[in-house]
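A.B. asks: Quick one, start14.cif (mmCIF, C-alpha atoms and all ligand atoms):
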data_query
#
loop_
_atom_site.label_atom_id
_atom_site.label_comp_id
_atom_site.auth_asym_id
_atom_site.auth_seq_id
_atom_site.Cartn_x
_atom_site.Cartn_y
_atom_site.Cartn_z
CA MET M 1 31.35 32.57 10.32
CA GLN M 2 31.14 29.45 8.19
CA ILE M 3 31.95 25.98 9.42
CA TYR M 4 33.19 23.20 7.16
CA LYS M 5 34.05 19.58 7.59
CA VAL M 6 37.55 19.07 6.14
CA GLY M 7 40.31 16.56 5.59
CA GLY M 8 39.96 12.87 6.33
CA ALA M 9 36.25 12.97 7.15
CA VAL M 10 35.31 14.28 3.70
CA ARG M 11 37.76 11.97 1.95
CA ASP M 12 36.67 8.83 3.75
CA ARG M 13 32.97 9.56 3.34
CA LEU M 14 33.48 9.89 -0.42
CA LEU M 15 35.41 6.62 -0.39
CA GLY M 16 32.60 4.99 1.54
CA ARG M 17 34.88 4.25 4.44
CA PRO M 18 34.09 4.65 8.13
CA VAL M 19 34.93 8.13 9.44
CA SER M 20 36.64 8.04 12.82
CA ASP M 21 37.40 11.63 13.76
CA ILE M 22 36.09 14.80 12.18
CA ASP M 23 38.24 17.88 11.63
CA TRP M 24 36.31 21.15 11.36
CA LEU M 25 37.42 24.37 9.74
CA VAL M 26 36.05 27.76 10.73
CA VAL M 27 36.22 30.61 8.21
CA GLY M 28 35.51 34.21 9.09
CA ALA M 29 35.85 34.03 12.86
CA THR M 30 38.21 35.51 15.42
CA VAL M 31 39.76 33.83 18.44
CA GLU M 32 37.59 36.03 20.66
CA GLN M 33 34.39 34.97 18.87
CA MET M 34 35.31 31.32 19.30
CA GLN M 35 35.98 31.74 22.99
CA ALA M 36 32.77 33.69 23.46
CA GLN M 37 30.91 30.66 22.06
CA GLY M 38 32.51 28.38 24.62
CA PHE M 39 35.21 26.80 22.42
CA ARG M 40 38.35 25.94 24.39
CA PRO M 41 41.72 26.78 22.83
CA VAL M 42 44.00 23.74 22.40
CA GLY M 43 47.36 25.41 22.59
CA ALA M 44 48.73 28.84 23.28
CA ASP M 45 49.86 29.81 19.79
CA PHE M 46 47.79 27.47 17.64
CA PRO M 47 44.40 28.62 16.30
CA VAL M 48 42.69 25.32 17.16
CA PHE M 49 39.76 24.87 19.56
CA LEU M 50 37.77 22.07 21.10
CA HIS M 51 33.99 22.12 20.84
CA PRO M 52 32.47 22.63 24.29
CA LYS M 53 30.17 19.58 23.92
CA THR M 54 31.56 17.16 21.31
CA GLY M 55 35.25 17.79 22.04
CA GLU M 56 35.94 17.75 18.29
CA GLU M 57 38.68 19.95 16.81
CA TYR M 58 37.78 23.25 15.20
CA ALA M 59 40.61 25.11 13.49
CA LEU M 60 40.50 28.69 12.32
CA ALA M 61 41.29 29.09 8.63
CA ARG M 62 44.96 29.95 8.29
CA THR M 63 47.80 30.40 5.88
CA GLU M 64 51.33 29.43 6.71
CA ARG M 65 54.81 30.36 5.72
CA LYS M 66 57.97 28.39 6.15
CA SER M 67 60.39 30.15 8.45
CA GLY M 68 62.97 27.58 9.42
CA ARG M 69 64.15 24.00 9.31
CA GLY M 70 62.00 21.03 10.23
CA TYR M 71 58.42 20.81 11.31
CA GLY M 72 58.57 23.59 13.88
CA GLY M 73 59.69 26.07 11.25
CA PHE M 74 56.29 27.48 10.33
CA THR M 75 54.64 30.82 10.90
CA PHE M 76 50.86 30.76 10.96
CA HIS M 77 48.58 33.52 9.95
CA ALA M 78 45.01 33.01 11.15
CA SER M 79 42.50 35.77 10.66
CA PRO M 80 38.85 36.17 9.66
CA ASP M 81 39.84 37.20 6.13
CA VAL M 82 41.64 33.94 5.28
CA THR M 83 39.41 32.19 2.73
CA LEU M 84 38.50 28.53 2.42
CA GLU M 85 40.65 28.19 -0.72
CA GLU M 86 43.63 29.78 1.01
CA ASP M 87 43.34 27.36 3.89
CA LEU M 88 42.91 24.31 1.68
CA ILE M 89 45.92 25.07 -0.52
CA ARG M 90 48.37 24.59 2.38
CA ARG M 91 47.22 20.97 2.85
CA ASP M 92 49.26 17.98 1.76
CA LEU M 93 47.20 16.00 -0.75
CA THR M 94 44.33 16.98 -3.02
CA ILE M 95 42.21 14.19 -1.54
CA ASN M 96 42.79 15.79 1.88
CA ALA M 97 41.99 19.30 0.65
CA MET M 98 38.25 19.05 0.20
CA ALA M 99 35.63 20.67 2.40
CA GLU M 100 31.93 20.17 2.98
CA ASP M 101 29.54 22.73 4.42
CA GLU M 102 26.62 22.14 6.75
CA GLN M 103 24.29 21.52 3.80
CA GLY M 104 26.59 18.79 2.50
CA THR M 105 27.88 20.85 -0.45
CA LEU M 106 31.36 19.82 -1.53
CA TYR M 107 34.09 22.46 -1.99
CA ASP M 108 36.90 21.02 -4.03
CA PRO M 109 39.07 23.75 -5.58
CA TYR M 110 42.07 21.44 -6.09
CA HIS M 111 40.23 18.51 -7.70
CA GLY M 112 40.51 16.03 -4.88
CA LYS M 113 37.39 14.19 -6.03
CA ARG M 114 38.91 13.54 -9.43
CA ASP M 115 42.10 12.22 -7.86
CA LEU M 116 40.03 10.14 -5.49
CA ASP M 117 38.20 8.59 -8.45
CA GLU M 118 41.47 8.06 -10.30
CA ARG M 119 43.15 6.67 -7.20
CA ILE M 120 45.96 9.22 -7.18
CA LEU M 121 47.81 10.66 -4.20
CA ARG M 122 48.79 14.08 -5.47
CA HIS M 123 50.20 17.14 -3.68
CA VAL M 124 48.10 20.31 -3.69
CA SER M 125 50.80 22.88 -4.40
CA PRO M 126 54.60 23.24 -4.56
CA ALA M 127 54.47 24.34 -0.91
CA PHE M 128 54.19 20.60 -0.25
CA ALA M 129 57.99 20.54 -0.11
CA GLU M 130 58.01 22.82 2.94
CA ASP M 131 57.14 20.13 5.45
CA PRO M 132 59.22 16.94 5.47
CA LEU M 133 56.61 15.10 7.53
CA ARG M 134 54.51 14.97 4.37
CA VAL M 135 56.90 12.43 2.88
CA LEU M 136 55.92 10.07 5.68
CA ARG M 137 52.25 10.99 5.48
CA VAL M 138 52.04 10.26 1.76
CA ALA M 139 53.83 6.93 2.20
CA ARG M 140 51.41 6.11 5.01
CA PHE M 141 48.34 6.98 2.93
CA ALA M 142 49.79 4.84 0.14
CA ALA M 143 49.97 1.92 2.59
CA ARG M 144 46.44 2.53 3.76
CA TYR M 145 44.78 2.89 0.38
CA ALA M 146 46.90 0.39 -1.57
CA PRO M 147 44.07 -2.17 -1.44
CA LEU M 148 41.89 0.38 -3.28
CA GLY M 149 44.54 0.82 -5.98
CA PHE M 150 45.94 4.23 -4.99
CA LYS M 151 49.34 5.29 -6.34
CA VAL M 152 51.55 8.30 -5.65
CA ALA M 153 51.60 10.77 -8.55
CA GLU M 154 54.95 11.04 -10.36
CA GLU M 155 55.27 14.79 -9.68
CA THR M 156 54.51 14.24 -6.02
CA LEU M 157 57.15 11.54 -5.84
CA GLY M 158 59.49 14.08 -7.42
CA LEU M 159 58.83 16.56 -4.63
CA MET M 160 59.30 13.82 -2.06
CA ARG M 161 62.65 13.02 -3.66
CA GLN M 162 63.58 16.67 -3.45
CA ILE M 163 62.74 16.74 0.27
CA ALA M 164 64.75 13.56 0.86
CA GLU M 165 67.74 14.99 -0.99
CA SER M 166 67.60 18.20 1.03
CA GLY M 167 68.32 16.22 4.20
CA GLU M 168 65.29 17.79 5.92
CA LEU M 169 63.86 14.42 6.91
CA GLN M 170 66.60 14.25 9.50
CA ALA M 171 65.23 17.38 11.14
CA LEU M 172 62.02 15.53 12.11
CA THR M 173 61.86 14.62 15.77
CA ALA M 174 61.87 10.95 16.71
CA GLU M 175 58.36 11.33 18.15
CA ARG M 176 56.83 12.66 14.94
CA SER M 177 58.61 10.13 12.75
CA TRP M 178 57.73 7.20 14.96
CA LYS M 179 54.07 8.22 15.12
CA GLU M 180 53.85 8.05 11.34
CA ILE M 181 55.84 4.82 11.16
CA GLU M 182 53.68 3.21 13.80
CA ARG M 183 50.46 4.20 12.06
CA ALA M 184 51.86 3.05 8.71
CA LEU M 185 52.83 -0.32 10.14
CA MET M 186 49.25 -0.85 11.30
CA GLU M 187 47.81 -0.18 7.84
CA PRO M 188 46.68 -3.08 5.62
CA GLU M 189 49.72 -2.90 3.30
CA PRO M 190 52.55 -1.61 5.50
CA GLN M 191 55.20 -2.83 3.05
CA VAL M 192 53.96 -0.17 0.62
CA PHE M 193 55.02 2.48 3.14
CA ILE M 194 58.60 1.19 2.97
CA GLU M 195 58.48 0.80 -0.81
CA VAL M 196 57.31 4.38 -1.31
CA LEU M 197 59.98 5.68 1.05
CA ARG M 198 62.56 3.67 -0.84
CA SER M 199 61.42 4.97 -4.20
CA CYS M 200 61.85 8.60 -3.15
CA GLY M 201 65.11 8.18 -1.29
CA GLY M 202 63.47 8.72 2.09
CA LEU M 203 64.36 5.27 3.35
CA MET M 204 68.07 6.00 3.14
CA GLU M 205 67.50 9.21 5.12
CA LEU M 206 65.16 7.89 7.75
CA LEU M 207 65.76 4.17 8.06
CA PRO M 208 69.14 3.63 6.41
CA GLU M 209 69.52 0.31 8.22
CA LEU M 210 66.67 -1.01 6.07
CA ALA M 211 67.93 0.36 2.79
CA HIS M 212 70.08 -2.69 2.08
CA GLY M 213 69.97 -6.23 3.33
CA ALA M 214 67.38 -8.97 3.44
CA ASP M 215 63.94 -8.40 1.98
CA THR M 216 61.62 -8.53 4.95
CA LEU M 217 58.69 -6.83 3.23
CA PRO M 218 56.81 -10.05 2.36
CA ALA M 219 56.94 -11.06 6.04
CA LEU M 220 55.68 -7.63 7.05
CA HIS M 221 52.83 -7.91 4.57
CA GLN M 222 51.99 -11.35 5.92
CA ALA M 223 51.91 -9.94 9.47
CA ALA M 224 49.41 -7.32 8.33
CA LYS M 225 47.25 -9.90 6.58
CA LEU M 226 47.08 -11.86 9.82
CA GLN M 227 46.42 -8.68 11.81
CA GLN M 228 49.45 -9.08 14.01
CA PRO M 229 50.08 -6.39 16.64
CA LEU M 230 52.59 -3.57 16.21
CA PRO M 231 55.62 -5.18 17.91
CA VAL M 232 55.32 -8.25 15.69
CA ARG M 233 55.16 -6.12 12.55
CA TRP M 234 58.13 -4.05 13.65
CA ALA M 235 60.15 -7.17 14.50
CA CYS M 236 59.30 -8.73 11.11
CA LEU M 237 60.58 -5.63 9.35
CA LEU M 238 63.85 -5.55 11.28
CA ARG M 239 64.58 -9.24 11.06
CA GLY M 240 67.98 -10.05 9.61
CA LEU M 241 69.65 -6.83 10.73
CA GLN M 242 72.75 -6.96 12.90
CA PRO M 243 72.02 -6.49 16.64
CA ALA M 244 73.88 -3.18 16.61
CA ALA M 245 71.75 -1.90 13.72
CA ILE M 246 68.53 -2.97 15.44
CA LYS M 247 69.60 -1.17 18.58
CA ALA M 248 70.61 1.98 16.72
CA LEU M 249 67.34 2.10 14.82
CA ASN M 250 65.25 1.49 17.94
CA GLN M 251 67.02 4.13 19.95
CA ARG M 252 67.11 6.76 17.27
CA LEU M 253 63.35 6.45 16.71
CA LYS M 254 62.58 6.00 20.40
CA ALA M 255 60.39 3.02 19.56
CA PRO M 256 58.19 1.82 22.43
CA ARG M 257 59.79 -0.74 24.72
CA GLU M 258 57.74 -3.69 23.46
CA CYS M 259 58.78 -2.97 19.90
CA GLN M 260 62.42 -2.59 20.86
CA GLU M 261 62.46 -5.78 22.90
CA LEU M 262 60.75 -7.97 20.35
CA ALA M 263 62.87 -6.71 17.47
CA ALA M 264 66.04 -7.39 19.45
CA LEU M 265 64.87 -10.87 20.48
CA VAL M 266 63.85 -11.77 16.94
CA GLY M 267 67.20 -10.51 15.72
CA GLU M 268 69.02 -12.69 18.20
CA PHE M 269 66.90 -15.84 18.29
CA ALA M 270 64.83 -16.23 15.12
CA GLU M 271 67.35 -18.46 13.47
CA ARG M 272 67.58 -20.66 16.51
CA ALA M 273 63.80 -20.91 16.59
CA ASP M 274 63.77 -21.99 12.95
CA HIS M 275 65.94 -24.94 13.97
CA ALA M 276 64.01 -25.60 17.17
CA LEU M 277 63.45 -29.29 16.53
CA ALA M 278 67.17 -29.92 16.22
CA LEU M 279 68.23 -27.88 19.26
CA GLU M 280 70.01 -29.42 22.21
CA PRO M 281 67.97 -29.09 25.41
CA ALA M 282 70.61 -26.79 26.89
CA SER M 283 70.33 -24.40 23.97
CA LEU M 284 66.55 -24.55 24.13
CA LEU M 285 66.66 -23.77 27.84
CA GLU M 286 69.03 -20.86 27.36
CA MET M 287 66.56 -19.39 24.94
CA LEU M 288 63.54 -19.89 27.19
CA GLN M 289 65.44 -18.32 30.10
CA LYS M 290 66.45 -15.36 28.00
CA PHE M 291 62.79 -14.85 27.02
CA ASP M 292 61.67 -15.25 30.63
CA VAL M 293 58.83 -17.42 29.33
CA TYR M 294 57.80 -18.02 32.93
CA ARG M 295 56.71 -14.44 33.49
CA ARG M 296 56.40 -13.16 29.92
CA PRO M 297 54.40 -15.81 28.02
CA GLN M 298 52.82 -13.31 25.60
CA ARG M 299 56.17 -11.95 24.48
CA PHE M 300 57.24 -15.48 23.56
CA GLU M 301 54.00 -15.92 21.59
CA ASP M 302 54.71 -12.70 19.72
CA PHE M 303 58.22 -13.94 18.99
CA ILE M 304 56.89 -17.19 17.55
CA ALA M 305 54.37 -15.23 15.48
CA ALA M 306 57.12 -13.00 14.08
CA CYS M 307 59.19 -16.06 13.10
CA GLU M 308 56.16 -17.68 11.54
CA MET M 309 55.36 -14.65 9.37
CA ALA M 310 58.61 -15.17 7.45
CA THR M 311 57.26 -18.50 6.15
CA LEU M 312 54.43 -16.57 4.43
CA GLY M 313 51.77 -19.01 5.52
CA SER M 314 53.49 -22.26 4.57
CA GLY M 315 53.39 -23.46 8.16
CA TYR M 316 55.69 -23.29 11.17
CA PRO M 317 55.75 -26.54 13.18
CA GLN M 318 58.67 -25.07 15.13
CA GLY M 319 56.11 -22.82 16.82
CA GLU M 320 54.17 -25.72 18.30
CA TYR M 321 57.41 -27.34 19.37
CA LEU M 322 58.61 -24.19 21.12
CA ARG M 323 55.28 -23.73 22.85
CA GLY M 324 55.50 -27.29 24.12
CA ALA M 325 59.03 -26.71 25.37
CA ALA M 326 57.99 -23.55 27.21
CA GLU M 327 55.10 -25.50 28.72
CA ALA M 328 57.43 -28.27 29.91
CA ALA M 329 59.88 -25.83 31.46
CA ARG M 330 57.06 -23.91 33.12
CA ALA M 331 55.61 -27.06 34.59
CA VAL M 332 58.66 -27.60 36.81
CA ASP M 333 57.51 -27.08 40.36
CA VAL M 334 59.66 -24.87 42.54
CA LYS M 335 57.99 -25.97 45.78
CA PRO M 336 59.95 -29.14 46.51
CA LEU M 337 63.18 -27.21 45.92
CA LEU M 338 62.11 -24.54 48.39
CA GLU M 339 61.09 -27.19 50.88
CA SER M 340 64.50 -28.78 50.65
CA GLY M 341 65.88 -25.49 52.01
CA LEU M 342 67.43 -24.07 48.86
CA THR M 343 67.65 -20.29 48.48
CA GLY M 344 69.28 -17.66 46.29
CA GLN M 345 71.73 -18.80 43.67
CA GLY M 346 71.51 -22.41 44.74
CA LEU M 347 67.76 -22.39 44.23
CA GLY M 348 68.16 -20.79 40.82
CA GLU M 349 70.62 -23.42 39.71
CA ALA M 350 68.58 -26.32 40.98
CA LEU M 351 65.53 -24.94 39.21
CA LYS M 352 67.50 -24.65 36.00
CA ALA M 353 68.73 -28.22 36.34
CA GLU M 354 65.16 -29.44 36.80
CA ARG M 355 64.01 -27.51 33.78
CA LEU M 356 66.83 -28.96 31.73
CA LYS M 357 65.70 -32.45 32.73
CA ALA M 358 62.16 -31.55 31.74
CA LEU M 359 63.36 -30.38 28.33
CA GLU M 360 65.41 -33.54 27.82
CA ALA M 361 62.29 -35.57 28.52
CA TYR M 362 60.29 -33.30 26.18
CA LYS M 363 62.79 -33.70 23.36
CA SER M 364 62.94 -37.47 23.58
CA ALA M 365 59.17 -37.87 23.97
P1 LIG R 1 43.45 10.27 9.24
O1 LIG R 1 42.39 9.40 8.69
O2 LIG R 1 44.77 9.59 9.32
O3 LIG R 1 43.08 11.05 10.46
P2 LIG R 1 43.47 12.86 8.03
O4 LIG R 1 43.57 13.25 6.60
O5 LIG R 1 42.23 13.25 8.77
O6 LIG R 1 43.70 11.32 8.06
P3 LIG R 1 44.92 14.34 10.03
O7 LIG R 1 46.31 14.10 10.49
O8 LIG R 1 43.80 14.11 10.97
O9 LIG R 1 44.75 13.43 8.73
O10 LIG R 1 44.88 15.81 9.44
C1 LIG R 1 43.67 16.42 9.02
C2 LIG R 1 43.93 17.20 7.76
O11 LIG R 1 44.89 18.22 7.99
C3 LIG R 1 44.49 16.41 6.60
O12 LIG R 1 43.46 15.79 5.86
C4 LIG R 1 45.22 17.46 5.82
O13 LIG R 1 44.32 18.21 5.05
C5 LIG R 1 45.76 18.35 6.88
N1 LIG R 1 47.12 18.02 7.32
C6 LIG R 1 47.49 17.31 8.41
N2 LIG R 1 48.82 17.25 8.54
C7 LIG R 1 49.32 17.92 7.49
C8 LIG R 1 50.66 18.23 7.04
N3 LIG R 1 51.72 17.80 7.71
N4 LIG R 1 50.78 18.97 5.92
C9 LIG R 1 49.70 19.41 5.25
N5 LIG R 1 48.44 19.16 5.60
C10 LIG R 1 48.25 18.42 6.71
MG MG R 2 41.86 13.14 10.84
#
In structure tokens, what does this structure look like?
C.D. replies:
Amino acid sequence: MQIYKVGGAVRDRLLGRPVSDIDWLVVGATVEQMQAQGFRPVGADFPVFLHPKTGEEYALARTERKSGRGYGGFTFHASPDVTLEEDLIRRDLTINAMAEDEQGTLYDPYHGKRDLDERILRHVSPAFAEDPLRVLRVARFAARYAPLGFKVAEETLGLMRQIAESGELQALTAERSWKEIERALMEPEPQVFIEVLRSCGGLMELLPELAHGADTLPALHQAAKLQQPLPVRWACLLRGLQPAAIKALNQRLKAPRECQELAALVGEFAERADHALALEPASLLEMLQKFDVYRRPQRFEDFIAACEMATLGSGYPQGEYLRGAAEAARAVDVKPLLESGLTGQGLGEALKAERLKALEAYKSA
């Protein structure tokens, strides 16, 4: 059997980028041979194994055939006679279809190195169109390598358009779509992900809520430049949508709770935050209560960050003001109220009244 390093590890080494995980390809071996050498199978019907010591993934060379709709619709054929070239041709992009043997020799039948040098994201074969997830993957790689000058090849964009038009993107599960979206949002130029999806018609299929409406891409880019966490980036992207659209998008994609919450809060309160200095204390308090700034201080910080991103670095004094207000409301001591015998609803209302007083003092200070 021959063992090759494949995929991202080869690509990123050639780009001079850090390699995080290594994918290995095994040619000329059977499942039984792998197991005899101590490799542990990953799944029941998937020819992928984990190395007994390193835990890295070793996949048997395979070919695949489309047999149905969506990502699940594939039949694999893994056997010792599947060649390296046959395995590599089923991969998405030429830059992902290179292999390296144990001596460090590069195998590059589909000219990935040339495309790497020319900064082109190009599909390997027409079979690209068989897996709709590749639309998302290509857009994600475009977002990742945009700082290096990578562009999607015209013909590849054409295939992506074809996939989008076929409606197959809708057959992707929420989990698979979200995983790509999440990774794309954490790349250095996440707005490129959205732009590429838009240019191939995938945005309308996958995130139709974002297809029209305010341009939030500069804010998203700003959030990436300042290395903001995922929920902030997601909330920046969704800002300006109607609450119902935010909810629909969040639920359809099964976004994690923090992302859902922050996007909804930004949708509801960002405008109010922008006018923070002019707000009546009662309105300010309502907002702080709604955020539960007493128990969820970090969420409020993330909210302020998301609002600030929209100013693209020109400054957001409202943020300082809101922080101060939260501080003032938090500083109200519940102890004297408890000691005066208040409980339940009465206690809650007295506490609110005290906080309102604190905010009035804060505003006039
Ligand atoms: P990353 O740096 O994000 O891990 P990667 O290229 O290693 O990038 P993986 O998802 O780890 O991406 O996949 C490893 C390799 O498997 C890819 O380089 C590609 O050759 C192939 N591959 C993965 N998913 C697909 C897919 N949906 N269609 C075609 N080939 C794929
Ligand atoms: Mg990888």
A.B. asks: Dump as a tab-separated table the rows for residues of chain M within 7 Å of ligand LIG 1 (chain R): closest atom pair and distance in Å with one decimal, all atoms listed in the file counted, ordered by chain and rising residue number.
C.D. replies:
residue	atom	partner	partner_atom	distance
M:Val6	CA	R:LIG1	O12	6.8
M:Gly7	CA	R:LIG1	O12	3.3
M:Gly8	CA	R:LIG1	O5	3.4
M:Ala9	CA	R:LIG1	O5	6.2
M:Asp21	CA	R:LIG1	O3	6.6
M:Asp23	CA	R:LIG1	C1	6.2
M:Arg90	CA	R:LIG1	C9	6.1
M:Arg91	CA	R:LIG1	N5	3.5
M:Asp92	CA	R:LIG1	C9	3.8
M:Leu93	CA	R:LIG1	O13	6.8
M:Asn96	CA	R:LIG1	O12	4.0
M:Ala97	CA	R:LIG1	O13	5.1
M:Asp131	CA	R:LIG1	N3	6.3
M:Leu133	CA	R:LIG1	N3	5.6
M:Arg134	CA	R:LIG1	N3	5.2
A.B. asks: So the first atom is CA of Arg299 in chain M and the second is CA of Val232 in chain M; what is the distance between them in Å, to one decimal place?
C.D. replies: 9.6 Å
A.B. asks: Identify, on the basis of all atoms listed in the file, every residue whose closest approach to range 247-251 of chain M does not exceed 8 Å; exclude the query and any residue fewer than 5 positions from it along the same chain; express the result as a ChimeraX atom specification.
C.D. replies: /M:207,209,260,264
A.B. asks: Please indicate the distance in Å from CA of Phe291 in chain M to CA of Ala365 in chain M, rounded to one decimal place.
C.D. replies: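 So the answer is 23.5 Å.
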A.B. asks: Enter the distance from CA of Arg272 in chain M to CA of Gly315 in chain M, in Å, rounded to one decimal.
C.D. replies: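 One can read the CA of Arg272 in chain M to CA of Gly315 in chain M distance as 16.7 Å.
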A.B. asks: Got a sec: who's within 10 Å of Glu57 in chain M, counting all atoms listed in the file, leaving out chain neighbours fewer than 4 positions off, as a list in words?
C.D. replies: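 So the residues in contact are Asp21, Ile22, Asp23, Trp24, Leu25, Phe39, Arg40, Pro41, Val42, Val48, Phe49, Leu50 and His51 of chain M.
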A.B. asks: Between M:Gly346, M:Pro18, M:Pro52, M:Gly158, which has the minimum distance to Arg122 in chain M (counting all atoms listed in the file)?
C.D. replies: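 Looking only at the distances to Arg122 in chain M, the closest residue turns out to be M:Gly158.
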